[in-house]
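Colleague: Compact mmCIF, C-alpha atoms, saved as work-v9.txt, coming up:
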# COMPACT_ATOMS: atom_id res chain seq x y z
CA MET A 982 16.74 -0.80 -31.29
CA LYS A 983 13.09 -0.42 -32.14
CA THR A 984 10.51 1.78 -30.47
CA ILE A 985 7.33 0.32 -28.98
CA ASP A 986 4.28 2.54 -28.76
CA ILE A 987 2.15 2.02 -25.65
CA SER A 988 -1.13 3.92 -25.53
CA ILE A 989 -4.16 3.94 -23.30
CA LYS A 990 -7.74 5.07 -23.65
CA ILE A 991 -9.75 6.43 -20.77
CA GLY A 992 -13.18 7.97 -20.57
CA PHE A 993 -13.90 11.52 -19.55
CA CYS A 994 -17.37 12.69 -18.59
CA GLN A 995 -19.35 14.93 -16.30
CA VAL A 996 -20.56 13.44 -13.02
CA GLU A 997 -24.17 13.67 -14.20
CA GLU A 998 -23.39 11.28 -17.08
CA LEU A 999 -22.45 8.49 -14.67
CA SER A 1000 -24.82 5.96 -13.16
CA THR A 1001 -26.46 6.77 -9.84
CA ALA A 1002 -24.22 4.15 -8.17
CA ASP A 1003 -21.04 5.75 -9.56
CA GLN A 1004 -22.22 9.22 -8.55
CA HIS A 1005 -22.87 7.92 -5.03
CA LEU A 1006 -19.40 6.37 -4.80
CA ILE A 1007 -17.80 9.62 -5.94
CA GLN A 1008 -19.80 11.51 -3.31
CA ARG A 1009 -18.50 9.08 -0.67
CA ALA A 1010 -14.93 9.77 -1.86
CA VAL A 1011 -15.56 13.51 -1.64
CA GLU A 1012 -16.92 13.06 1.89
CA ALA A 1013 -13.89 10.93 2.81
CA THR A 1014 -11.59 13.89 2.09
CA GLY A 1015 -12.96 15.25 5.37
CA ASN A 1016 -11.36 12.30 7.20
CA SER A 1017 -7.90 13.17 5.91
CA TYR A 1018 -5.17 13.93 8.42
CA SER A 1019 -2.92 16.17 6.32
CA PRO A 1020 -1.51 18.98 8.49
CA TYR A 1021 1.74 19.14 6.47
CA SER A 1022 0.60 19.11 2.85
CA CYS A 1023 -2.97 20.40 3.37
CA PHE A 1024 -3.82 18.07 0.47
CA ARG A 1025 -6.81 15.96 1.46
CA VAL A 1026 -7.51 12.80 -0.53
CA GLY A 1027 -10.53 10.56 -0.12
CA ALA A 1028 -11.21 7.17 -1.62
CA ALA A 1029 -14.34 5.06 -1.68
CA LEU A 1030 -14.50 1.56 -3.01
CA LEU A 1031 -17.26 -0.84 -3.82
CA LEU A 1032 -16.85 -4.53 -3.09
CA ALA A 1033 -18.41 -7.36 -5.09
CA ASP A 1034 -21.09 -7.88 -2.42
CA GLY A 1035 -22.13 -4.19 -2.49
CA THR A 1036 -20.22 -3.15 0.64
CA GLU A 1037 -18.66 0.31 0.52
CA VAL A 1038 -15.38 1.13 2.26
CA ILE A 1039 -13.79 4.56 2.49
CA GLY A 1040 -10.26 5.72 3.17
CA ALA A 1041 -8.42 9.02 3.56
CA ASN A 1042 -4.77 9.95 3.44
CA GLN A 1043 -3.02 9.98 6.79
CA GLU A 1044 0.19 12.00 7.14
CA ASN A 1045 2.91 11.75 9.74
CA ALA A 1046 5.80 14.04 10.63
CA ALA A 1047 8.04 11.12 9.64
CA PHE A 1048 6.81 11.37 6.03
CA PRO A 1049 7.38 7.76 4.94
CA SER A 1050 5.07 6.67 7.75
CA GLY A 1051 1.94 8.13 6.16
CA LEU A 1052 -0.56 6.31 3.97
CA CYS A 1053 -2.49 7.31 0.85
CA ALA A 1054 -6.29 7.25 0.76
CA GLU A 1055 -6.41 4.52 -1.88
CA ARG A 1056 -4.27 2.09 0.10
CA SER A 1057 -6.04 3.06 3.32
CA ALA A 1058 -9.38 1.98 1.80
CA ILE A 1059 -8.02 -1.13 0.08
CA PHE A 1060 -6.17 -2.41 3.13
CA ALA A 1061 -9.18 -1.76 5.37
CA ALA A 1062 -11.44 -3.63 2.94
CA GLN A 1063 -9.08 -6.58 2.61
CA SER A 1064 -8.66 -6.78 6.39
CA VAL A 1065 -12.39 -6.84 7.13
CA TYR A 1066 -13.75 -8.43 3.92
CA PRO A 1067 -10.86 -10.62 2.66
CA GLY A 1068 -13.01 -12.68 0.32
CA GLN A 1069 -14.52 -9.72 -1.51
CA ALA A 1070 -13.10 -8.36 -4.75
CA VAL A 1071 -12.98 -4.60 -5.30
CA THR A 1072 -15.12 -3.70 -8.31
CA THR A 1073 -14.92 0.11 -8.36
CA LEU A 1074 -12.66 2.70 -6.73
CA ALA A 1075 -13.46 6.43 -6.65
CA ILE A 1076 -10.88 9.05 -5.71
CA ALA A 1077 -11.32 12.76 -4.93
CA ALA A 1078 -8.96 15.41 -3.57
CA ALA A 1079 -9.09 18.89 -2.10
CA ASN A 1080 -6.62 21.52 -1.02
CA GLU A 1081 -7.07 24.58 1.15
CA TYR A 1082 -9.16 26.21 -1.63
CA GLY A 1083 -11.60 23.31 -2.06
CA LEU A 1084 -12.07 20.32 -4.32
CA MET A 1085 -9.55 19.93 -7.12
CA ARG A 1086 -10.72 21.08 -10.55
CA ASP A 1087 -8.84 18.36 -12.42
CA PRO A 1088 -8.90 14.71 -11.37
CA ILE A 1089 -5.84 13.44 -9.52
CA VAL A 1090 -4.31 10.04 -10.21
CA PRO A 1091 -3.02 7.44 -7.75
CA CYS A 1092 0.68 7.48 -6.94
CA GLY A 1093 2.90 4.65 -8.15
CA ALA A 1094 2.69 2.71 -4.89
CA CYS A 1095 -1.12 2.85 -4.94
CA ARG A 1096 -1.19 1.76 -8.60
CA GLN A 1097 0.91 -1.27 -7.67
CA VAL A 1098 -1.42 -2.16 -4.77
CA ILE A 1099 -4.50 -1.80 -7.00
CA LEU A 1100 -2.78 -4.04 -9.57
CA GLU A 1101 -2.16 -6.70 -6.93
CA ILE A 1102 -5.87 -6.67 -5.99
CA GLU A 1103 -6.85 -7.00 -9.64
CA ASP A 1104 -4.45 -9.92 -10.01
CA ARG A 1105 -5.57 -11.52 -6.74
CA TYR A 1106 -9.24 -11.61 -7.76
CA LYS A 1107 -8.64 -11.94 -11.51
CA GLN A 1108 -10.90 -9.03 -12.40
CA PRO A 1109 -10.32 -5.41 -13.32
CA ILE A 1110 -11.18 -2.55 -10.98
CA ARG A 1111 -13.00 0.44 -12.50
CA ILE A 1112 -11.40 3.63 -11.29
CA LEU A 1113 -13.29 6.93 -11.12
CA LEU A 1114 -11.02 9.95 -10.74
CA TYR A 1115 -13.10 12.96 -9.72
CA GLY A 1116 -12.44 16.63 -10.37
CA THR A 1117 -14.99 19.43 -10.43
CA ASN A 1118 -14.31 19.81 -14.18
CA GLY A 1119 -15.13 16.15 -14.85
CA VAL A 1120 -14.35 12.52 -14.16
CA TYR A 1121 -11.80 10.18 -15.72
CA VAL A 1122 -13.27 6.69 -16.05
CA ILE A 1123 -10.61 4.00 -16.22
CA ASN A 1124 -11.52 0.35 -16.79
CA SER A 1125 -8.42 -1.16 -15.16
CA VAL A 1126 -5.36 0.04 -13.30
CA LYS A 1127 -3.39 -1.54 -16.16
CA ASP A 1128 -4.34 1.56 -18.14
CA LEU A 1129 -2.51 3.66 -15.53
CA LEU A 1130 0.32 1.15 -15.21
CA PRO A 1131 0.86 -0.26 -18.71
CA LEU A 1132 4.02 -2.17 -17.76
CA GLN A 1133 3.09 -4.34 -14.80
CA PHE A 1134 5.01 -6.25 -12.15
CA ILE A 1135 2.89 -9.02 -10.61
CA GLY A 1136 3.61 -12.35 -8.91
CA GLU A 1137 3.89 -14.10 -12.28
CA SER A 1138 6.73 -11.72 -13.12
CA MET A 1139 8.93 -13.49 -10.57
CA LYS A 1140 8.49 -16.98 -12.04
Can you dump the structure from the file as structure tokens?

Modeller:
Amino acid sequence: MKTIDISIKIGFCQVEELSTADQHLIQRAVEATGNSYSPYSCFRVGAALLLADGTEVIGANQENAAFPSGLCAERSAIFAAQSVYPGQAVTTLAIAAANEYGLMRDPIVPCGACRQVILEIEDRYKQPIRILLYGTNGVYVINSVKDLLPLQFIGESMK
């Protein structure tokens, strides 16, 4: 057996180093944490995405006492966007999170299910989605979800 090395490269910067548009999208994600319904975990996640036509859509995590019935902020925003603007590709997705003490210092990353959904949107529109993961200490800038999900399962995988 041989070993295969898989590596990724992501950017890390301060918010001020980003474009005004990226800073605005991060601010929208931070604001969206206020729309979270998270009485069980007290972990509020907000997402804001930018569509190809310039439309912004936000989402927030929604918990439920029957835990599998909840929904993450990322999927909340993506599914809302695809329901209302089905012909528009997602170009950028910003994510922020807070707990009972305030905004998270380090950026959080999407869960596996959200990574898979983001991958499907990239595959559907044949273009990568820039992902901005916000923390008060800085921002991870990721050029495609494939950098967070280096081994992918897409529709072509079933052929």

Colleague: Which is closest to Ala1041 (chain A) among A:Ser1022, A:Ile1135, A:Asn1016, A:Phe1060, if we use only C-alpha atoms?

Modeller: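 Once distances to Ala1041 (chain A) are computed over only C-alpha atoms, the minimum belongs to A:Asn1016.
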
Colleague: Tell me which of A:Pro1109, A:Pro1020, A:Gly1068, A:Pro1088 sits closest to Cys994 (chain A), counting all atoms listed in the file.

Modeller: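 Closest to Cys994 (chain A) of all the choices is A:Pro1088.
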
Colleague: Compare A:Ile1007, A:Leu1052, A:Val1038, A:Leu1113 by their minimum atom-to-atom distance to Ser1019 (chain A), counting all atoms listed in the file, and give me the closest one.

Modeller: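 Using all atoms listed in the file, the shortest distance to Ser1019 (chain A) belongs to A:Leu1052.
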
Colleague: Between A:Val1122, A:Val1026, A:Met1139, A:Leu1032, which one has atoms that come closest to Ile1102 (chain A), using only C-alpha atoms?

Modeller: A:Leu1032

Colleague: Tell me which of A:Cys1053, A:Ile989, A:Leu1030, A:Met1085 sits closest to His1005 (chain A), counting all atoms listed in the file.

Modeller: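 Residue with the minimum atom-to-atom distance to His1005 (chain A): A:Leu1030.
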
Colleague: Considering all atoms listed in the file, state which residue in the set A:Tyr1082, A:Tyr1066, A:Phe1048, A:Tyr1115 is at the smallest distance from Glu997 (chain A).

Modeller: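 So, comparing all the options, the nearest one is A:Tyr1115.
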